[in-house]
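Trainee: Here you go, this is entry_37.cif (mmCIF, C-alpha atoms).
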```
data_run
#
loop_
_atom_site.label_atom_id
_atom_site.label_comp_id
_atom_site.auth_asym_id
_atom_site.auth_seq_id
_atom_site.Cartn_x
_atom_site.Cartn_y
_atom_site.Cartn_z
CA MET A 1 -29.35 19.22 -2.33
CA ARG A 2 -28.37 16.38 -4.66
CA ALA A 3 -26.30 13.36 -3.66
CA ASP A 4 -23.97 14.18 -6.58
CA THR A 5 -22.89 17.35 -4.79
CA VAL A 6 -21.82 15.35 -1.73
CA ARG A 7 -20.07 12.78 -3.90
CA ASP A 8 -18.17 15.52 -5.71
CA LEU A 9 -16.18 15.97 -2.48
CA ARG A 10 -14.21 12.91 -3.54
CA LEU A 11 -12.92 14.63 -6.69
CA ALA A 12 -10.02 17.03 -6.36
CA ASP A 13 -11.16 19.25 -9.23
CA ARG A 14 -14.70 19.58 -7.86
CA ARG A 15 -14.05 19.46 -4.12
CA THR A 16 -13.81 23.17 -3.42
CA ALA A 17 -16.98 24.07 -5.29
CA ALA A 18 -18.90 21.20 -3.72
CA ALA A 19 -17.70 22.08 -0.21
CA ASP A 20 -18.70 25.72 -0.65
CA ALA A 21 -22.14 24.75 -1.92
CA LEU A 22 -22.73 22.32 0.95
CA ALA A 23 -21.38 24.69 3.63
CA GLY A 24 -23.98 27.25 2.59
CA GLY A 25 -26.76 24.68 2.36
CA GLY A 26 -27.57 24.46 6.07
CA ALA A 27 -29.98 21.76 7.21
CA VAL A 28 -30.69 20.59 3.66
CA ALA A 29 -27.00 19.95 3.08
CA VAL A 30 -26.69 18.12 6.40
CA GLU A 31 -29.58 15.85 5.42
CA ALA A 32 -27.85 14.97 2.14
CA ILE A 33 -24.53 14.31 3.88
CA VAL A 34 -26.09 12.11 6.57
CA ARG A 35 -27.94 10.17 3.90
CA GLU A 36 -24.63 9.35 2.23
CA LEU A 37 -22.90 8.48 5.51
CA THR A 38 -25.62 6.00 6.47
CA ASP A 39 -25.64 4.31 3.06
CA ASP A 40 -23.17 1.40 3.04
CA SER A 41 -23.10 1.47 -0.76
CA SER A 42 -22.11 5.15 -0.91
CA PRO A 43 -18.54 5.93 -2.03
CA VAL A 44 -18.44 8.90 0.35
CA ASN A 45 -15.93 8.63 3.18
CA TRP A 46 -16.28 10.51 6.47
CA ARG A 47 -12.98 12.24 5.69
CA HIS A 48 -14.66 13.85 2.69
CA VAL A 49 -17.53 15.36 4.66
CA ALA A 50 -16.10 16.08 8.13
CA PRO A 51 -14.54 19.45 7.13
CA VAL A 52 -17.82 20.52 5.57
CA LEU A 53 -19.88 19.54 8.61
CA ARG A 54 -17.44 21.48 10.76
CA ARG A 55 -18.10 24.56 8.61
CA ILE A 56 -21.87 24.08 8.85
CA GLY A 57 -21.54 23.97 12.63
CA SER A 58 -24.20 23.26 15.25
CA THR A 59 -26.92 22.72 12.64
CA ALA A 60 -25.31 19.34 11.96
CA PHE A 61 -25.33 18.19 15.60
CA ASP A 62 -28.86 16.86 16.11
CA PRO A 63 -29.14 15.11 12.72
CA LEU A 64 -25.88 13.29 13.44
CA VAL A 65 -27.11 12.27 16.90
CA ARG A 66 -30.28 10.84 15.36
CA ALA A 67 -28.23 9.02 12.76
CA LEU A 68 -25.99 7.50 15.45
CA ILE A 69 -29.06 5.97 17.07
CA ASP A 70 -30.95 4.95 13.94
CA VAL A 71 -28.28 3.69 11.49
CA PRO A 72 -28.91 0.09 10.42
CA THR A 73 -25.31 -1.21 10.31
CA GLU A 74 -22.18 -0.99 12.44
CA GLU A 75 -20.16 0.22 9.44
CA ALA A 76 -22.52 3.14 8.92
CA ARG A 77 -22.47 3.95 12.63
CA GLU A 78 -18.66 4.15 12.54
CA ARG A 79 -18.79 6.58 9.60
CA VAL A 80 -21.38 8.79 11.29
CA GLY A 81 -19.47 8.69 14.57
CA ALA A 82 -16.19 9.65 12.91
CA ALA A 83 -17.85 12.73 11.41
CA PHE A 84 -19.76 13.57 14.60
CA ILE A 85 -16.70 13.76 16.85
CA ARG A 86 -14.98 16.21 14.49
CA LEU A 87 -17.44 19.10 14.61
CA GLY A 88 -14.86 21.17 16.51
CA GLU A 89 -14.84 23.79 19.24
CA GLU A 90 -18.11 25.37 18.11
CA ALA A 91 -19.87 22.18 19.19
CA LEU A 92 -18.25 21.98 22.62
CA GLY A 93 -21.37 23.12 24.46
CA ARG A 94 -23.48 20.59 22.59
CA TYR A 95 -20.98 17.81 23.31
CA ALA A 96 -21.05 18.68 27.02
CA ALA A 97 -24.86 18.62 27.05
CA ALA A 98 -24.87 15.27 25.22
CA LEU A 99 -22.86 13.71 28.08
CA SER A 100 -26.22 13.19 29.81
CA HIS A 101 -27.99 11.77 26.73
CA PRO A 102 -30.00 8.61 27.53
CA ALA A 103 -28.20 6.60 24.84
CA PRO A 104 -24.77 5.34 26.05
CA LEU A 105 -23.45 5.42 22.48
CA VAL A 106 -24.19 9.13 22.17
CA ARG A 107 -22.53 9.82 25.52
CA ARG A 108 -19.41 7.92 24.46
CA GLN A 109 -19.23 9.77 21.16
CA ALA A 110 -19.72 13.10 22.92
CA VAL A 111 -16.69 12.29 25.09
CA ARG A 112 -14.68 11.56 21.96
CA GLY A 113 -15.87 14.82 20.44
CA ILE A 114 -14.55 16.78 23.42
CA ARG A 115 -11.26 14.89 23.22
CA HIS A 116 -10.89 15.75 19.52
CA CYS A 117 -11.15 19.48 20.16
CA ASP A 118 -7.81 21.29 20.20
CA GLU A 119 -8.82 23.50 23.12
CA PRO A 120 -11.76 21.91 24.97
CA GLY A 121 -11.64 24.41 27.83
CA PRO A 122 -12.20 23.92 31.56
CA SER A 123 -16.00 23.76 31.55
CA SER A 124 -16.12 20.92 29.01
CA LEU A 125 -13.47 18.93 30.85
CA ARG A 126 -15.20 19.45 34.19
CA ALA A 127 -18.35 18.07 32.61
CA LEU A 128 -16.48 14.79 32.11
CA LEU A 129 -15.76 14.31 35.81
CA PRO A 130 -19.13 12.75 36.79
CA LEU A 131 -18.64 10.14 34.06
CA LEU A 132 -15.60 8.70 35.84
CA GLY A 133 -18.06 6.70 37.95
CA ASP A 134 -20.51 5.82 35.16
CA PRO A 135 -21.80 2.20 35.29
CA ASP A 136 -20.86 1.91 31.61
CA GLY A 137 -17.18 0.95 31.99
CA GLU A 138 -16.35 1.87 28.40
CA LEU A 139 -17.82 5.32 28.87
CA ALA A 140 -16.04 5.85 32.20
CA GLY A 141 -12.75 4.78 30.65
CA ALA A 142 -13.26 7.13 27.71
CA ALA A 143 -13.89 10.04 30.10
CA ARG A 144 -10.73 9.17 32.03
CA ASP A 145 -8.67 9.01 28.83
CA ALA A 146 -10.06 12.33 27.60
CA LEU A 147 -9.20 14.04 30.88
CA MET A 148 -5.68 12.58 30.84
CA ASP A 149 -5.16 13.55 27.21
CA ARG A 150 -6.61 17.06 27.23
CA GLY A 151 -6.32 18.12 30.85
CA ARG A 152 -2.58 18.76 31.18
CA GLY A 153 -2.81 22.47 30.51
CA LEU A 154 -5.72 22.76 32.95
CA ALA A 155 -4.34 20.72 35.83
CA GLU A 156 -4.72 23.58 38.31
CA VAL A 157 -8.43 23.75 37.51
CA LEU A 158 -9.11 20.01 37.51
CA VAL A 159 -6.96 18.77 40.39
CA PRO A 160 -9.19 20.17 43.19
CA PHE A 161 -12.26 18.46 41.70
CA LEU A 162 -10.39 15.17 41.30
CA ARG A 163 -9.15 15.34 44.90
CA GLU A 164 -12.74 15.89 45.99
CA ILE A 165 -13.76 12.70 44.17
CA ARG A 166 -10.91 10.87 45.92
CA ARG A 167 -12.20 12.07 49.30
CA LYS A 168 -15.96 11.79 48.86
CA GLY A 169 -16.59 9.51 45.91
CA PRO A 170 -18.63 8.19 44.30
CA GLY A 171 -16.73 4.97 44.93
CA ARG A 172 -16.79 3.83 41.30
CA ALA A 173 -15.01 7.04 40.27
CA ARG A 174 -12.21 7.03 42.82
CA ALA A 175 -9.76 4.72 41.03
CA ARG A 176 -10.09 6.56 37.72
CA ALA A 177 -9.76 9.92 39.50
CA LEU A 178 -6.45 8.70 40.96
CA SER A 179 -5.17 7.77 37.49
CA VAL A 180 -6.08 11.21 36.14
CA LEU A 181 -4.43 12.95 39.10
CA ALA A 182 -1.22 10.98 38.54
CA GLU A 183 -1.24 11.76 34.82
CA LEU A 184 -1.89 15.48 35.21
CA GLY A 185 0.23 16.31 38.23
CA GLY A 186 2.28 13.32 39.26
CA GLU A 187 2.92 12.60 42.92
CA SER A 188 2.62 16.26 43.87
CA ALA A 189 -1.05 16.17 42.86
CA LEU A 190 -1.81 13.27 45.20
CA SER A 191 -2.81 13.64 48.82
CA ALA A 192 -0.53 12.23 51.51
CA GLU A 193 -3.10 9.48 52.05
CA ASP A 194 -3.02 8.50 48.39
CA VAL A 195 0.79 8.47 48.29
CA ALA A 196 0.84 6.22 51.35
CA ALA A 197 -1.77 3.92 49.79
CA VAL A 198 0.26 3.57 46.57
CA GLU A 199 3.45 2.84 48.50
CA ARG A 200 1.62 0.26 50.61
CA LEU A 201 0.27 -1.44 47.48
CA ILE A 202 3.78 -1.63 46.02
CA ARG A 203 5.09 -3.25 49.22
CA VAL A 204 2.28 -5.80 49.24
CA LYS A 205 2.70 -6.72 45.58
CA SER A 206 6.49 -6.97 45.93
CA LEU A 207 6.24 -9.67 48.62
CA ASP A 208 5.43 -12.50 46.22
CA GLU A 209 6.21 -10.92 42.86
CA ARG A 210 8.12 -12.96 40.31
CA PRO A 211 10.31 -11.32 37.66
CA VAL A 212 9.04 -10.77 34.16
CA ALA A 213 10.93 -10.00 30.96
CA LEU A 214 11.62 -6.26 30.84
CA TRP A 215 10.51 -5.46 27.32
CA ALA A 216 9.85 -1.98 25.99
CA CYS A 217 9.53 -0.50 22.52
CA TRP A 218 13.05 0.92 22.90
CA ASN A 219 15.26 -0.92 25.36
CA HIS A 220 18.31 0.66 26.98
CA TRP A 221 20.18 -0.88 29.87
CA ILE A 222 23.46 -1.14 31.76
CA ALA A 223 24.42 -4.55 33.14
CA VAL A 224 26.75 -5.06 36.10
CA PRO A 225 27.69 -8.39 37.70
CA GLY A 226 26.71 -8.94 41.32
CA GLY A 227 24.08 -7.38 43.53
CA ASP A 228 25.72 -4.28 45.00
CA ARG A 229 22.85 -2.00 44.11
CA THR A 230 23.96 0.71 46.52
CA GLY A 231 27.48 0.80 45.08
CA ILE A 232 26.23 0.74 41.50
CA MET A 233 23.91 3.65 42.18
CA GLU A 234 26.69 5.56 43.91
CA THR A 235 29.01 5.06 40.94
CA LEU A 236 26.33 6.21 38.51
CA GLY A 237 25.25 9.20 40.60
CA LEU A 238 21.70 7.93 41.07
CA THR A 239 19.64 9.24 43.99
CA ASP A 240 16.28 8.99 45.77
CA PRO A 241 15.65 5.24 45.28
CA ARG A 242 12.06 4.14 45.83
CA PRO A 243 10.81 0.55 45.72
CA VAL A 244 8.82 -0.48 42.66
CA THR A 245 7.38 -3.67 41.23
CA PHE A 246 8.68 -5.13 37.99
CA ALA A 247 5.47 -4.04 36.26
CA LEU A 248 5.78 -0.47 37.50
CA GLY A 249 9.49 -0.15 36.72
CA ASN A 250 9.03 -1.54 33.23
CA ASP A 251 5.96 0.61 32.52
CA ILE A 252 7.80 3.79 33.52
CA VAL A 253 10.89 2.88 31.46
CA ASP A 254 8.71 2.10 28.44
CA SER A 255 6.80 5.38 28.79
CA ASP A 256 9.96 7.45 29.20
CA GLY A 257 11.58 5.70 26.25
CA HIS A 258 8.97 7.15 23.91
CA ASP A 259 10.38 10.60 24.67
CA ALA A 260 13.95 9.57 23.83
CA GLY A 261 15.28 11.31 20.74
CA THR A 262 12.71 14.13 20.99
CA GLY A 263 15.09 16.54 22.69
CA SER A 264 13.14 16.23 25.95
CA HIS A 265 15.33 15.67 29.00
CA GLU A 266 12.36 14.00 30.70
CA ALA A 267 13.38 10.77 28.95
CA PHE A 268 16.62 10.80 30.97
CA ALA A 269 15.15 11.71 34.37
CA ARG A 270 14.86 8.27 36.01
CA VAL A 271 15.90 4.65 35.73
CA PHE A 272 14.71 1.30 37.01
CA VAL A 273 17.41 -0.47 39.02
CA THR A 274 16.52 -4.14 39.29
CA PRO A 275 17.17 -6.51 42.15
CA GLU A 276 19.99 -8.97 41.56
CA LEU A 277 18.80 -11.32 38.78
CA ASP A 278 20.79 -14.51 38.18
CA GLY A 279 23.86 -12.76 39.50
CA TRP A 280 23.46 -9.45 37.62
CA THR A 281 22.00 -6.04 38.38
CA PHE A 282 20.43 -4.00 35.58
CA VAL A 283 19.84 -0.29 35.24
CA LEU A 284 17.15 0.35 32.64
CA GLY A 285 16.09 3.59 30.96
CA ALA A 286 16.93 5.88 28.05
CA TRP A 287 19.61 7.49 30.24
CA CYS A 288 21.65 4.27 29.72
CA ASP A 289 21.69 4.49 25.91
CA PRO A 290 25.25 3.82 24.65
CA CYS A 291 24.57 5.26 21.20
CA ASP A 292 22.53 8.37 22.01
CA GLU A 293 24.07 11.59 20.71
CA GLU A 294 23.76 13.30 24.09
CA ARG A 295 24.25 10.36 26.43
CA GLY A 296 26.75 8.15 24.56
CA GLU A 297 30.03 9.51 25.90
CA ASP A 298 28.79 9.72 29.46
CA VAL A 299 27.55 6.12 29.30
CA LEU A 300 30.98 5.10 28.04
CA ARG A 301 32.67 6.88 30.95
CA LEU A 302 30.28 5.43 33.52
CA CYS A 303 30.66 1.87 32.23
CA ALA A 304 34.43 2.22 32.44
CA ARG A 305 34.07 3.31 36.08
CA LEU A 306 31.70 0.46 36.86
CA SER A 307 34.04 -2.09 35.30
CA ALA A 308 36.96 -0.73 37.33
CA ARG A 309 34.92 -1.42 40.46
CA TYR A 310 33.14 -4.65 39.49
CA GLY A 311 35.40 -6.15 36.82
CA ARG A 312 32.85 -5.85 34.00
CA ALA A 313 30.06 -3.57 32.83
CA GLN A 314 28.01 -3.47 29.65
CA ALA A 315 25.50 -1.10 28.05
CA TYR A 316 22.99 -2.00 25.37
CA TYR A 317 20.35 -0.55 23.11
CA TYR A 318 17.76 -2.67 21.34
CA GLY A 319 14.85 -1.29 19.32
CA ALA A 320 12.12 -3.92 19.54
CA GLN A 321 10.26 -2.27 16.64
CA GLY A 322 13.08 -3.01 14.18
CA ASP A 323 15.16 0.01 15.20
CA GLY A 324 18.55 -1.65 15.56
CA SER A 325 21.08 -2.57 18.23
CA ALA A 326 24.12 -1.15 19.99
CA TRP A 327 26.48 -2.51 22.62
CA LEU A 328 29.31 -1.31 24.79
CA VAL A 329 31.55 -3.67 26.76
CA ALA A 330 34.01 -2.53 29.44
CA GLU A 331 36.46 -4.64 31.43
CA ARG A 332 38.70 -3.61 34.34
CA GLY A 333 38.28 0.09 33.73
CA THR A 334 38.68 0.04 29.94
CA VAL A 335 36.08 0.02 27.17
CA VAL A 336 37.06 -2.87 24.92
CA ARG A 337 34.24 -2.60 22.41
CA ARG A 338 31.48 -0.27 21.27
CA TYR A 339 29.40 -0.91 18.17
CA SER A 340 26.13 0.51 16.85
CA GLU A 341 23.89 -0.61 14.01
CA THR A 342 20.71 1.46 14.03
CA GLY A 343 20.49 2.68 10.45
CA GLU A 344 21.62 6.17 11.45
CA GLY A 345 24.25 7.89 9.34
CA GLU A 346 26.69 8.35 12.23
CA ASP A 347 26.72 4.73 13.43
CA GLU A 348 30.22 4.02 12.17
CA LEU A 349 31.68 6.92 14.17
CA LEU A 350 30.78 5.12 17.41
CA THR A 351 32.83 2.01 16.68
CA LEU A 352 35.59 1.36 19.21
CA GLY A 353 37.84 -1.64 19.79
CA GLU A 354 38.08 -4.98 18.06
CA PRO A 355 35.08 -7.22 17.31
CA LEU A 356 34.09 -9.46 20.19
CA PRO A 357 34.39 -13.24 19.85
CA PHE A 358 30.60 -13.44 19.66
CA GLU A 359 30.58 -11.00 16.73
CA ARG A 360 33.28 -12.98 14.92
CA ALA A 361 31.40 -16.22 15.47
CA ARG A 362 28.17 -14.75 14.10
CA ARG A 363 29.98 -13.46 11.02
CA ALA A 364 31.42 -16.92 10.44
CA GLU A 365 27.90 -18.40 10.72
CA LEU A 366 26.83 -15.99 7.97
CA GLY A 367 29.71 -17.05 5.76
CA LEU A 368 31.51 -13.73 6.22
CA SER A 369 35.14 -13.21 7.12
CA PRO A 370 35.56 -13.13 10.92
CA GLU A 371 38.47 -10.72 10.40
CA TRP A 372 36.06 -8.02 9.27
CA ASP A 373 38.09 -6.16 6.67
CA ALA A 374 35.50 -3.54 5.69
CA ALA A 375 37.71 -2.24 2.87
CA GLN A 376 37.56 -5.62 1.13
CA GLU A 377 33.93 -6.50 1.82
CA SER A 378 31.40 -6.40 -0.97
CA ASP A 379 28.29 -4.28 -0.60
CA GLU A 380 26.28 -7.50 -0.27
CA ASP A 381 28.45 -8.79 2.58
CA GLU A 382 28.29 -5.48 4.39
CA GLU A 383 24.52 -5.35 4.03
CA GLU A 384 24.18 -8.94 5.28
CA TRP A 385 26.17 -8.15 8.41
CA ARG A 386 24.25 -4.98 9.11
CA ALA A 387 20.97 -6.84 8.83
CA ALA A 388 22.20 -9.46 11.31
CA ALA A 389 23.67 -6.88 13.72
CA PHE A 390 20.39 -4.97 13.77
CA ASP A 391 18.88 -7.60 16.11
CA LEU A 392 22.04 -8.79 17.83
CA ALA A 393 21.99 -6.95 21.17
CA PRO A 394 19.71 -9.37 23.10
CA GLU A 395 21.71 -12.41 21.95
CA LEU A 396 25.02 -10.75 22.75
CA ALA A 397 23.78 -9.79 26.22
CA LYS A 398 22.84 -13.41 26.94
CA ALA A 399 26.18 -14.66 25.64
CA LEU A 400 28.10 -12.26 27.90
CA GLY A 401 25.91 -12.62 30.97
CA VAL A 402 22.14 -12.22 31.35
CA SER A 403 19.66 -10.29 29.25
CA PRO A 404 16.86 -8.46 31.10
CA LEU A 405 14.75 -9.12 28.02
CA ALA A 406 14.87 -12.86 28.74
CA ILE A 407 14.33 -13.13 32.49
CA GLY A 408 11.27 -14.96 33.78
CA GLN A 409 9.57 -16.86 36.56
CA ASP A 410 12.59 -19.12 37.12
CA THR A 411 15.13 -16.29 37.39
CA ARG A 412 16.88 -16.19 40.77
CA VAL A 413 16.06 -12.92 42.55
CA ARG A 414 17.75 -11.22 45.47
CA GLY A 415 16.43 -7.90 46.76
CA THR A 416 13.82 -5.45 45.48
CA GLY A 417 13.89 -3.17 42.47
CA VAL A 418 13.88 0.60 42.83
CA LEU A 419 13.15 3.64 40.71
CA ALA A 420 15.95 6.18 41.04
CA LEU A 421 16.60 9.71 39.85
CA THR A 422 19.42 10.45 37.44
CA PRO A 423 21.24 13.78 37.65
CA TYR A 424 18.73 15.06 35.07
CA GLY A 425 15.80 14.09 37.26
CA ALA A 426 17.36 15.45 40.43
CA ALA A 427 17.92 18.82 38.77
CA ARG A 428 14.75 19.15 36.67
CA GLY A 429 12.12 16.82 38.05
CA VAL A 430 10.39 13.84 36.44
CA PRO A 431 7.50 13.52 33.99
CA THR A 432 4.01 12.91 35.28
CA GLY A 433 2.05 9.84 34.38
CA ALA A 434 -0.23 7.01 35.48
CA TYR A 435 1.43 3.60 35.43
CA ARG A 436 0.67 -0.05 36.18
CA ILE A 437 1.69 -1.30 39.63
#
```
Just give me the structure as structure tokens.
Mentor:
Amino acid sequence: MRADTVRDLRLADRRTAAADALAGGGAVAVEAIVRELTDDSSPVNWRHVAPVLRRIGSTAFDPLVRALIDVPTEEARERVGAAFIRLGEEALGRYAAALSHPAPLVRRQAVRGIRHCDEPGPSSLRALLPLLGDPDGELAGAARDALMDRGRGLAEVLVPFLREIRRKGPGRARARALSVLAELGGESALSAEDVAAVERLIRVKSLDERPVALWACWNHWIAVPGGDRTGIMETLGLTDPRPVTFALGNDIVDSDGHDAGTGSHEAFARVFVTPELDGWTFVLGAWCDPCDEERGEDVLRLCARLSARYGRAQAYYYGAQGDGSAWLVAERGTVVRRYSETGEGEDELLTLGEPLPFERARRAELGLSPEWDAAQESDEDEEEWRAAAFDLAPELAKALGVSPLAIGQDTRVRGTGVLALTPYGAARGVPTGAYRI
């Protein structure tokens, strides 16, 4: 089998013929492909050959294992590894057997191979369990991640084995087994002893914990002056509060926020209610989004109710990945302003009330008319304002009170934060997951 045949995989007009020739070439074709993968000067990319190796099947397994061990450079090893882990379901049995290979690199790549399979099956995932306690921390972590990523549909099969590890060890595997249990089944998968241990750890860490900025990829929060957490939760209809650390509350909010906008109600199931921070209490989570299509009007109504009780209430959205800003400000039972600038086509339909003094001042700083006559603005002026408003929510929150994105070690704290269920969570349950405490 000539090297030219392998290299033809790069060419669209020759790819099909070359792939067919190599797929029927068996061990000879594998030898030619591996030779190209291990040659740093070869133009062949692993993406070119991986589909062909998958078609060849188990014949490719042992040559790729030998290449992983023998390749002279790290670049070549990465190319071989990328092809090796994509052999597919037909290689599952070989991947499982390779989990006991004497070379740690081969064991790690075998774990990745199982993780890359669409349907790894219970036997392959069970084979990963002993690796949770492997002395090679990278390998043990890879096994944990593979179980968390591919084990959701097989939780009923895996949970009993993981609970057994929690009870009997080995000791090195117990912490990772707990993470997998939490990811696959949530609290219901944990034993009463494990739940008590987690709650005890939260209490201990909360004793001397200092606040940290509550940053997520997508930030949504309601801000209320004062520290009446019980009354705020009652007004919002939040239930089942449970103490959490700042790290845990923020990690959960960040994780749930990644489901926002996907149509999954799990994103709205719970919120982190902070202790009183510099005179303000914050409720964080996608459920608080003032510009969400499903949540927007309810957030408006709830902020009006909060402001009737506490004088003021605000709701914000800020996309820390350049995804825009939105704000809603209510005073004495009335929403005085709502504005959204997220790049979505319906943003303008959310606008309520007159611009806030802070908005007018920012426009003046930009050289724009504070009066904001959109009908008379040029396209350039409108674009300049939109660009500025995209990142305005954190600054506006600080100007009107306190921003949870800017709290820190010196922030005055009163009380303990809690994780609470929204009406969505109370009715439908919460997502599972393993989080930082």
Trainee: Interatomic distance between atom CA of A:Ala103 and atom CA of A:Arg166?
Mentor: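 Atom-to-atom, atom CA of A:Ala103 and atom CA of A:Arg166 are spaced 27.6 Å apart.
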Trainee: First collect every listed atom of stretch 204-222 of chain A; then fit an axis-aligned box around them, widen it by 8 Å on each side, and give centre and edge lengths in Å to one decimal, as lines of an AutoDock Vina configuration file.
Mentor:
```
center_x = 12.9
center_y = -6.0
center_z = 35.9
size_x = 37.2
size_y = 29.9
size_z = 42.7
```
Trainee: Here is a test: counting all atoms listed in the file, which residue of A:Gly319, A:Gly231, A:Gly417, A:Gly186 is nearest to A:Thr274?
Mentor: A:Gly417
Trainee: Which residues of stretch 225-297 of chain A come within 12 Å of stretch 331-351 of chain A, and what is each one's closest atom pair and distance in Å (one decimal), counting all atoms listed in the file, sorted by chain and residue number, as a tab-separated table?
Mentor:
```
residue	atom	partner	partner_atom	distance
A:Pro225	CA	A:Glu331	CA	11.4
A:Asp289	CA	A:Ser340	CA	10.8
A:Pro290	CA	A:Arg338	CA	8.2
A:Cys291	CA	A:Ser340	CA	6.6
A:Asp292	CA	A:Leu350	CA	10.0
A:Glu293	CA	A:Glu346	CA	9.4
A:Gly296	CA	A:Leu350	CA	8.7
A:Glu297	CA	A:Leu350	CA	9.6
```
Trainee: I'd like the residues picked by the PyMOL selection byres ((chain A and resi 173) around 9) written out as JSON, numbers by chain, using the chain letters and numbers from the file.
Mentor: {"A": [129, 130, 131, 132, 133, 134, 140, 165, 166, 169, 170, 171, 172, 174, 175, 176, 177, 178]}
Trainee: From the options A:Arg7, A:Leu277, A:Glu78, A:Asp391, which residue's atoms come nearest to A:Pro211, counting all atoms listed in the file?
Mentor: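 Nearest to A:Pro211: A:Leu277.
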Trainee: Please report the interatomic distance between atom CA of A:Gln409 and atom CA of A:Trp215 in Å with one decimal.
Mentor: 14.7 Å
Trainee: Can you list what the PyMOL selection byres ((chain A and resi 406) around 10) grabs from this structure, as a list in words?
Mentor: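 Residues picked by the PyMOL selection byres ((chain A and resi 406) around 10): Val212, Ala213, Leu214, Trp215, Pro394, Glu395, Ala397, Lys398, Val402, Ser403, Pro404, Leu405, Ile407, Gly408 and Thr411 of chain A.
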Trainee: Can you tell me, as a compact mmCIF listing (two decimals) with C-alpha atoms, keeping the file's coordinate frame, what residues are no more than 12 Å from A:Pro51 when counting all atoms listed in the file, ignoring any on the same chain fewer than 6 positions away?
Mentor:
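Dumped to selection35.txt:
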```txt
# COMPACT_ATOMS: atom_id res chain seq x y z
CA LEU A 9 -16.18 15.97 -2.48
CA ARG A 15 -14.05 19.46 -4.12
CA THR A 16 -13.81 23.17 -3.42
CA ALA A 18 -18.90 21.20 -3.72
CA ALA A 19 -17.70 22.08 -0.21
CA ASP A 20 -18.70 25.72 -0.65
CA LEU A 22 -22.73 22.32 0.95
CA ALA A 23 -21.38 24.69 3.63
CA ILE A 33 -24.53 14.31 3.88
CA ASN A 45 -15.93 8.63 3.18
CA GLY A 57 -21.54 23.97 12.63
CA ALA A 60 -25.31 19.34 11.96
CA ALA A 82 -16.19 9.65 12.91
CA ALA A 83 -17.85 12.73 11.41
CA PHE A 84 -19.76 13.57 14.60
CA ILE A 85 -16.70 13.76 16.85
CA ARG A 86 -14.98 16.21 14.49
CA LEU A 87 -17.44 19.10 14.61
CA GLY A 88 -14.86 21.17 16.51
```
Trainee: Please indicate the distance in Å from atom CA of A:Thr239 to atom CA of A:Ser206, rounded to one decimal place.
Mentor: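 Computing the Euclidean distance for atom CA of A:Thr239 and atom CA of A:Ser206 yields 21.0 Å.
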Trainee: Find the spatial neighbours of A:Phe358, counting all atoms listed in the file, within a cut-off of 10 Å - ignore same-chain residues fewer than 6 positions away - and output them as a list in words.
Mentor: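 The filter keeps Ala364, Leu392, Glu395, Leu396, Ala399 and Leu400 of chain A.
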Trainee: Neighbourhood query: residues within 12 Å of (-7.3, 14.1, 27.4), file coordinates, counting all atoms listed in the file; return as a VMD selection string.
Mentor: chain A and resid 111 to 122 124 to 126 128 to 129 141 to 155 158 180 183 to 184
Trainee: Give me the result of the PyMOL selection byres ((chain A and resi 265) around 12) on this file, residue by residue, as a list in words.
Mentor: Asp256, Gly257, His258, Asp259, Ala260, Gly261, Thr262, Gly263, Ser264, Glu266, Ala267, Phe268, Ala269, Arg270, Ala286, Trp287, Glu294, Arg295, Thr422, Pro423, Tyr424, Gly425, Ala426, Ala427, Arg428, Gly429, Val430 and Pro431 of chain A
Trainee: Tell me which of A:Gly93, A:Asp40, A:Thr59, A:Asp240 sits closest to A:Pro72, counting only C-alpha atoms.
Mentor: A:Asp40
Trainee: Name the closest residue to A:Val418 among the candidates A:Leu11, A:Ala313, A:Leu190, A:Val283; distances are taken between atoms, counting all atoms listed in the file.
Mentor: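 Result for the nearest residue to A:Val418: A:Val283.
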Trainee: Smallest atom-to-atom distance to A:Tyr318: which of A:Val34, A:Val49, A:Leu421, A:Cys288, using all atoms listed in the file?
Mentor: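 Ranking A:Val34, A:Val49, A:Leu421, A:Cys288 by distance to A:Tyr318, first place goes to A:Cys288.
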Trainee: Neighbouring residues of A:Ser100 were defined as those with any atom within 12 Å, considering only C-alpha atoms; residues of the same chain fewer than 2 positions away were excluded. Please report them as a list in words.
Mentor: Arg94, Tyr95, Ala96, Ala97, Ala98, Pro102, Ala103, Pro104, Leu105, Val106, Arg107, Arg108, Gln109, Ala110, Val111, Ala127, Leu128, Pro130, Leu131, Asp134 and Leu139 of chain A
Trainee: Is there a way to get, as number ranges by chain, all residues within 12 Å of the point (25.9, 4.2, 37.5) in file coordinates, counting only C-alpha atoms?
Mentor: A: 221-224, 228-239, 270-273, 281-285, 287-288, 298-307, 309-310, 313-315, 420-423
